[in-house]
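Report on the structure given below.
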Amino acid sequence: VPGRQFLDTLSMLGKDKVRISLEKDQLLLSSANTNVSFQTISQEEYPTLIQEKGLKIHEFTKNEMEKTFSALLFSVATEDTRPELTGILFSQKEEGLELVSTDGFRLSFYKNKESLFEKDTKHIVPVRLIQEALSLKERESVAMYVHEEASQVVFESEETLLIGRLIGGDFPNYAKVIPQETRTAITLDREEFLQQVRLSSVFARESANIVYLSVADGVLTIKAKSSGVGSQESTV
């Protein structure tokens with residue numbers, strides 16, 4: 001049956017007892033004063049779940065999973081015009097595992113020294129699946145499995161099994177946009193910087209969320225301007 005409509009209907013039936021029955025190709029729900037019918041689809045048309053989970057890649061502790069993915073989620077594309085950008089890239093290098101997300105404007109990069117895959121292995125994991133794994137309330141740890149032949153990825157906790165398909169396509173060459181050397185390095189108070197950026201965002205909303213940063217004489221200047229609202233400038 002249509003999943004979203006089915007769940008929405010159940011949530012709106014209140015506390016009355018609900019009787020569920022199947023008649024031919026219809027699923028019937030009835031309560032004290034409501035009758036609902038859903039057109040069903042043959043179970044043969046439902047996607048076949050994997051018969052095996054695949055190779056166990058890693059078992060994340062609760063804190064490890066949040067630390068690994070929290071800095072990557074916000075850079076993932078929300079529109080599916082480029083499906084490869086709606087996931088997080090797992091790229092195994094000789095020196096360690098690189099995790100990357102980008103929406104074409106922002107890029108997040110996380111690296112650790114672990115080797116979870118064979119060298120030069122690349123997989124794009126759907127971000128919605130990772131978000132669901134992060135939201136599991138009962139999780140103390142979550143195991144990750146990859147079934148390459150079926151192009152599927154699995155996250156498993158004590159009570160829940162989440163299954164998704166790896167995303168095909170070519171992930172952008174992120175190494176080209178990550179500077180190999182820096183000409184300017186600054187150290188500043190994190191909270192003060194974030195406060196000033198939040199202030200700039202009030203004016204940046206009307207101008208493609210652009211905030212200008214400049215450094216001179218040991219001072220960081222933060223600017224934002226909107227033709228219809230005004231402008232802001234602050235220093236850290």
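Letters for chains follow the order of the structure tokens (A, B, ...), residue numbers begin at 1 for each chain, and ligand numbers begin at 1 in the order shown.
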
### Task
Would you kindly return, as a list in words, each protein, DNA or RNA residue with an atom no farther than 12 Å from any atom of Met12 (chain A), considering only C-alpha atoms and excluding same-chain residues fewer than 4 positions away?
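So the residues in contact are Gln5, Phe6, Leu7, Asp8, Asp16, Val18, Ser31, Thr34 and Val36 of chain A.
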
### Task
Mind checking which residues fall within 10 Å of Asn209 (chain A), counting only C-alpha atoms, ignoring those fewer than 6 positions away in the same chain, and posting them as a ChimeraX atom specification?
/A:200-203,224-226

### Task
For region 165-178 of chain A, work out the shell of residues within 7 Å, counting only C-alpha atoms and skipping chain neighbours fewer than 2 positions away, then give it as a ChimeraX atom specification.
/A:84,123-126,151-153,180

Restricted to N, CA, C and O atoms, what would the selected residues look like written as an mmCIF file, in the first residue's frame?
```cif
data_model
loop_
_atom_site.group_PDB
_atom_site.id
_atom_site.type_symbol
_atom_site.label_atom_id
_atom_site.label_comp_id
_atom_site.auth_asym_id
_atom_site.auth_seq_id
_atom_site.Cartn_x
_atom_site.Cartn_y
_atom_site.Cartn_z
ATOM 1 N N GLU A 84 24.385 11.866 -7.561
ATOM 2 C CA GLU A 84 25.644 11.549 -6.889
ATOM 3 C C GLU A 84 25.973 12.538 -5.770
ATOM 4 O O GLU A 84 26.778 12.240 -4.880
ATOM 5 N N HIS A 123 32.596 4.410 -2.813
ATOM 6 C CA HIS A 123 31.161 4.163 -2.733
ATOM 7 C C HIS A 123 30.462 5.456 -2.334
ATOM 8 O O HIS A 123 30.966 6.200 -1.490
ATOM 9 N N ILE A 124 29.290 5.713 -2.922
ATOM 10 C CA ILE A 124 28.475 6.863 -2.531
ATOM 11 C C ILE A 124 27.265 6.330 -1.781
ATOM 12 O O ILE A 124 26.435 5.612 -2.349
ATOM 13 N N VAL A 125 27.158 6.688 -0.514
ATOM 14 C CA VAL A 125 26.088 6.180 0.353
ATOM 15 C C VAL A 125 25.007 7.251 0.488
ATOM 16 O O VAL A 125 25.306 8.407 0.787
ATOM 17 N N PRO A 126 23.733 6.899 0.260
ATOM 18 C CA PRO A 126 22.647 7.894 0.356
ATOM 19 C C PRO A 126 22.614 8.566 1.722
ATOM 20 O O PRO A 126 22.663 7.891 2.753
ATOM 21 N N SER A 151 24.972 -3.869 -5.077
ATOM 22 C CA SER A 151 25.044 -2.411 -4.986
ATOM 23 C C SER A 151 24.195 -1.898 -3.838
ATOM 24 O O SER A 151 23.451 -0.923 -3.983
ATOM 25 N N GLN A 152 24.324 -2.559 -2.684
ATOM 26 C CA GLN A 152 23.525 -2.187 -1.535
ATOM 27 C C GLN A 152 24.384 -1.951 -0.302
ATOM 28 O O GLN A 152 25.479 -2.503 -0.172
ATOM 29 N N VAL A 153 23.859 -1.105 0.591
ATOM 30 C CA VAL A 153 24.530 -0.810 1.849
ATOM 31 C C VAL A 153 23.527 -1.034 2.975
ATOM 32 O O VAL A 153 22.338 -0.770 2.819
ATOM 33 N N GLN A 180 46.188 22.706 -1.491
ATOM 34 C CA GLN A 180 47.294 21.888 -1.015
ATOM 35 C C GLN A 180 48.232 22.667 -0.104
ATOM 36 O O GLN A 180 49.034 22.087 0.624
#
```

### Message
What's around region 57-67 of chain A at 12 Å? Count only C-alpha atoms, leave out sequence neighbours fewer than 6 positions away in its own chain, and write the answer as a ChimeraX atom specification.
### Response
/A:73,90,92,97,110-112,114-118,130-148,153-158

Could you write out, as a PDB file with N, CA, C and O atoms, in the first residue's frame, all the residues of region 44-223 of chain A that DSSP marks as alpha helix (DSSP H)?
```
ATOM      1  N   LYS A  62      28.086   5.003  19.118  1.00  0.00           N
ATOM      2  CA  LYS A  62      27.168   6.143  19.016  1.00  0.00           C
ATOM      3  C   LYS A  62      27.930   7.442  18.832  1.00  0.00           C
ATOM      4  O   LYS A  62      27.647   8.231  17.928  1.00  0.00           O
ATOM      5  N   ASN A  63      28.940   7.674  19.676  1.00  0.00           N
ATOM      6  CA  ASN A  63      29.714   8.918  19.590  1.00  0.00           C
ATOM      7  C   ASN A  63      30.538   8.986  18.315  1.00  0.00           C
ATOM      8  O   ASN A  63      30.674  10.054  17.702  1.00  0.00           O
ATOM      9  N   GLU A  64      31.084   7.853  17.901  1.00  0.00           N
ATOM     10  CA  GLU A  64      31.909   7.821  16.691  1.00  0.00           C
ATOM     11  C   GLU A  64      31.081   8.154  15.461  1.00  0.00           C
ATOM     12  O   GLU A  64      31.530   8.897  14.576  1.00  0.00           O
ATOM     13  N   MET A  65      29.867   7.647  15.398  1.00  0.00           N
ATOM     14  CA  MET A  65      29.020   7.891  14.235  1.00  0.00           C
ATOM     15  C   MET A  65      28.623   9.357  14.147  1.00  0.00           C
ATOM     16  O   MET A  65      28.647   9.963  13.073  1.00  0.00           O
ATOM     17  N   GLU A  66      28.254   9.946  15.289  1.00  0.00           N
ATOM     18  CA  GLU A  66      27.882  11.354  15.295  1.00  0.00           C
ATOM     19  C   GLU A  66      29.069  12.237  14.928  1.00  0.00           C
ATOM     20  O   GLU A  66      28.936  13.203  14.172  1.00  0.00           O
ATOM     21  N   LYS A  67      30.237  11.915  15.456  1.00  0.00           N
ATOM     22  CA  LYS A  67      31.428  12.701  15.149  1.00  0.00           C
ATOM     23  C   LYS A  67      31.800  12.589  13.678  1.00  0.00           C
ATOM     24  O   LYS A  67      32.173  13.575  13.034  1.00  0.00           O
ATOM     25  N   THR A  68      31.675  11.406  13.110  1.00  0.00           N
ATOM     26  CA  THR A  68      32.071  11.176  11.724  1.00  0.00           C
ATOM     27  C   THR A  68      31.167  11.889  10.737  1.00  0.00           C
ATOM     28  O   THR A  68      31.645  12.529   9.794  1.00  0.00           O
ATOM     29  N   PHE A  69      29.859  11.819  10.946  1.00  0.00           N
ATOM     30  CA  PHE A  69      28.919  12.300   9.934  1.00  0.00           C
ATOM     31  C   PHE A  69      28.317  13.674  10.196  1.00  0.00           C
ATOM     32  O   PHE A  69      27.793  14.294   9.270  1.00  0.00           O
ATOM     33  N   SER A  70      28.386  14.176  11.423  1.00  0.00           N
ATOM     34  CA  SER A  70      27.730  15.448  11.734  1.00  0.00           C
ATOM     35  C   SER A  70      28.307  16.599  10.916  1.00  0.00           C
ATOM     36  O   SER A  70      27.580  17.533  10.547  1.00  0.00           O
ATOM     37  N   VAL A 127      22.520   9.894   1.726  1.00  0.00           N
ATOM     38  CA  VAL A 127      22.550  10.619   3.003  1.00  0.00           C
ATOM     39  C   VAL A 127      21.303  10.326   3.828  1.00  0.00           C
ATOM     40  O   VAL A 127      21.357  10.309   5.063  1.00  0.00           O
ATOM     41  N   ARG A 128      20.163  10.058   3.174  1.00  0.00           N
ATOM     42  CA  ARG A 128      18.948   9.772   3.942  1.00  0.00           C
ATOM     43  C   ARG A 128      19.104   8.502   4.764  1.00  0.00           C
ATOM     44  O   ARG A 128      18.570   8.397   5.880  1.00  0.00           O
ATOM     45  N   LEU A 129      19.828   7.540   4.231  1.00  0.00           N
ATOM     46  CA  LEU A 129      20.062   6.298   4.969  1.00  0.00           C
ATOM     47  C   LEU A 129      20.935   6.568   6.192  1.00  0.00           C
ATOM     48  O   LEU A 129      20.696   6.041   7.277  1.00  0.00           O
ATOM     49  N   ILE A 130      21.956   7.403   6.017  1.00  0.00           N
ATOM     50  CA  ILE A 130      22.837   7.759   7.134  1.00  0.00           C
ATOM     51  C   ILE A 130      22.068   8.540   8.196  1.00  0.00           C
ATOM     52  O   ILE A 130      22.233   8.319   9.401  1.00  0.00           O
ATOM     53  N   GLN A 131      21.193   9.450   7.759  1.00  0.00           N
ATOM     54  CA  GLN A 131      20.383  10.214   8.706  1.00  0.00           C
ATOM     55  C   GLN A 131      19.464   9.296   9.504  1.00  0.00           C
ATOM     56  O   GLN A 131      19.268   9.504  10.707  1.00  0.00           O
ATOM     57  N   GLU A 132      18.894   8.295   8.839  1.00  0.00           N
ATOM     58  CA  GLU A 132      18.039   7.347   9.543  1.00  0.00           C
ATOM     59  C   GLU A 132      18.847   6.549  10.564  1.00  0.00           C
ATOM     60  O   GLU A 132      18.385   6.277  11.677  1.00  0.00           O
ATOM     61  N   ALA A 133      20.066   6.165  10.188  1.00  0.00           N
ATOM     62  CA  ALA A 133      20.924   5.425  11.115  1.00  0.00           C
ATOM     63  C   ALA A 133      21.281   6.285  12.331  1.00  0.00           C
ATOM     64  O   ALA A 133      21.328   5.799  13.461  1.00  0.00           O
ATOM     65  N   LEU A 134      21.508   7.572  12.106  1.00  0.00           N
ATOM     66  CA  LEU A 134      21.825   8.478  13.209  1.00  0.00           C
ATOM     67  C   LEU A 134      20.638   8.685  14.140  1.00  0.00           C
ATOM     68  O   LEU A 134      20.814   8.982  15.327  1.00  0.00           O
ATOM     69  N   ARG A 190      36.136  30.853  18.287  1.00  0.00           N
ATOM     70  CA  ARG A 190      35.108  30.185  17.489  1.00  0.00           C
ATOM     71  C   ARG A 190      33.725  30.770  17.719  1.00  0.00           C
ATOM     72  O   ARG A 190      32.988  31.081  16.770  1.00  0.00           O
ATOM     73  N   GLU A 191      33.348  30.927  18.982  1.00  0.00           N
ATOM     74  CA  GLU A 191      32.003  31.398  19.289  1.00  0.00           C
ATOM     75  C   GLU A 191      31.788  32.832  18.819  1.00  0.00           C
ATOM     76  O   GLU A 191      30.714  33.179  18.319  1.00  0.00           O
ATOM     77  N   GLU A 192      32.802  33.677  18.983  1.00  0.00           N
ATOM     78  CA  GLU A 192      32.674  35.057  18.521  1.00  0.00           C
ATOM     79  C   GLU A 192      32.532  35.108  17.007  1.00  0.00           C
ATOM     80  O   GLU A 192      31.721  35.878  16.463  1.00  0.00           O
ATOM     81  N   PHE A 193      33.304  34.275  16.319  1.00  0.00           N
ATOM     82  CA  PHE A 193      33.225  34.225  14.860  1.00  0.00           C
ATOM     83  C   PHE A 193      31.840  33.768  14.406  1.00  0.00           C
ATOM     84  O   PHE A 193      31.223  34.370  13.518  1.00  0.00           O
ATOM     85  N   LEU A 194      31.320  32.704  15.017  1.00  0.00           N
ATOM     86  CA  LEU A 194      30.004  32.192  14.639  1.00  0.00           C
ATOM     87  C   LEU A 194      28.907  33.221  14.906  1.00  0.00           C
ATOM     88  O   LEU A 194      27.965  33.364  14.124  1.00  0.00           O
ATOM     89  N   GLN A 195      29.039  33.953  16.000  1.00  0.00           N
ATOM     90  CA  GLN A 195      28.044  34.975  16.314  1.00  0.00           C
ATOM     91  C   GLN A 195      28.008  36.057  15.239  1.00  0.00           C
ATOM     92  O   GLN A 195      26.929  36.490  14.807  1.00  0.00           O
ATOM     93  N   GLN A 196      29.176  36.475  14.769  1.00  0.00           N
ATOM     94  CA  GLN A 196      29.235  37.517  13.742  1.00  0.00           C
ATOM     95  C   GLN A 196      28.748  36.996  12.388  1.00  0.00           C
ATOM     96  O   GLN A 196      28.109  37.729  11.621  1.00  0.00           O
ATOM     97  N   VAL A 197      29.017  35.732  12.095  1.00  0.00           N
ATOM     98  CA  VAL A 197      28.524  35.147  10.843  1.00  0.00           C
ATOM     99  C   VAL A 197      27.001  35.038  10.870  1.00  0.00           C
ATOM    100  O   VAL A 197      26.328  35.292   9.864  1.00  0.00           O
ATOM    101  N   ARG A 198      26.452  34.662  12.019  1.00  0.00           N
ATOM    102  CA  ARG A 198      24.985  34.600  12.136  1.00  0.00           C
ATOM    103  C   ARG A 198      24.377  35.979  11.918  1.00  0.00           C
ATOM    104  O   ARG A 198      23.318  36.110  11.285  1.00  0.00           O
ATOM    105  N   LEU A 199      25.027  37.014  12.457  1.00  0.00           N
ATOM    106  CA  LEU A 199      24.548  38.371  12.238  1.00  0.00           C
ATOM    107  C   LEU A 199      24.598  38.735  10.755  1.00  0.00           C
ATOM    108  O   LEU A 199      23.658  39.325  10.212  1.00  0.00           O
ATOM    109  N   SER A 200      25.679  38.364  10.081  1.00  0.00           N
ATOM    110  CA  SER A 200      25.812  38.644   8.649  1.00  0.00           C
ATOM    111  C   SER A 200      24.750  37.929   7.838  1.00  0.00           C
ATOM    112  O   SER A 200      24.282  38.432   6.806  1.00  0.00           O
ATOM    113  N   SER A 201      24.346  36.750   8.298  1.00  0.00           N
ATOM    114  CA  SER A 201      23.366  35.969   7.544  1.00  0.00           C
ATOM    115  C   SER A 201      22.019  36.668   7.436  1.00  0.00           C
ATOM    116  O   SER A 201      21.247  36.404   6.512  1.00  0.00           O
ATOM    117  N   VAL A 202      21.721  37.579   8.372  1.00  0.00           N
ATOM    118  CA  VAL A 202      20.466  38.329   8.307  1.00  0.00           C
ATOM    119  C   VAL A 202      20.395  39.125   7.006  1.00  0.00           C
ATOM    120  O   VAL A 202      19.354  39.228   6.367  1.00  0.00           O
ATOM    121  N   PHE A 203      21.532  39.687   6.599  1.00  0.00           N
ATOM    122  CA  PHE A 203      21.583  40.493   5.380  1.00  0.00           C
ATOM    123  C   PHE A 203      21.940  39.648   4.158  1.00  0.00           C
ATOM    124  O   PHE A 203      21.595  40.001   3.032  1.00  0.00           O
ATOM    125  N   ALA A 204      22.617  38.518   4.390  1.00  0.00           N
ATOM    126  CA  ALA A 204      23.047  37.678   3.269  1.00  0.00           C
ATOM    127  C   ALA A 204      21.907  36.873   2.661  1.00  0.00           C
ATOM    128  O   ALA A 204      22.020  36.408   1.527  1.00  0.00           O
TER     129      ALA A 204
END
```

### Selected residue, from A:Val1, A:Leu213, A:Ala150, A:Asn33, that lies nearest to Gly54 (chain A) when counting only C-alpha atoms
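Ranking A:Val1, A:Leu213, A:Ala150, A:Asn33 by distance to Gly54 (chain A), first place goes to A:Ala150.
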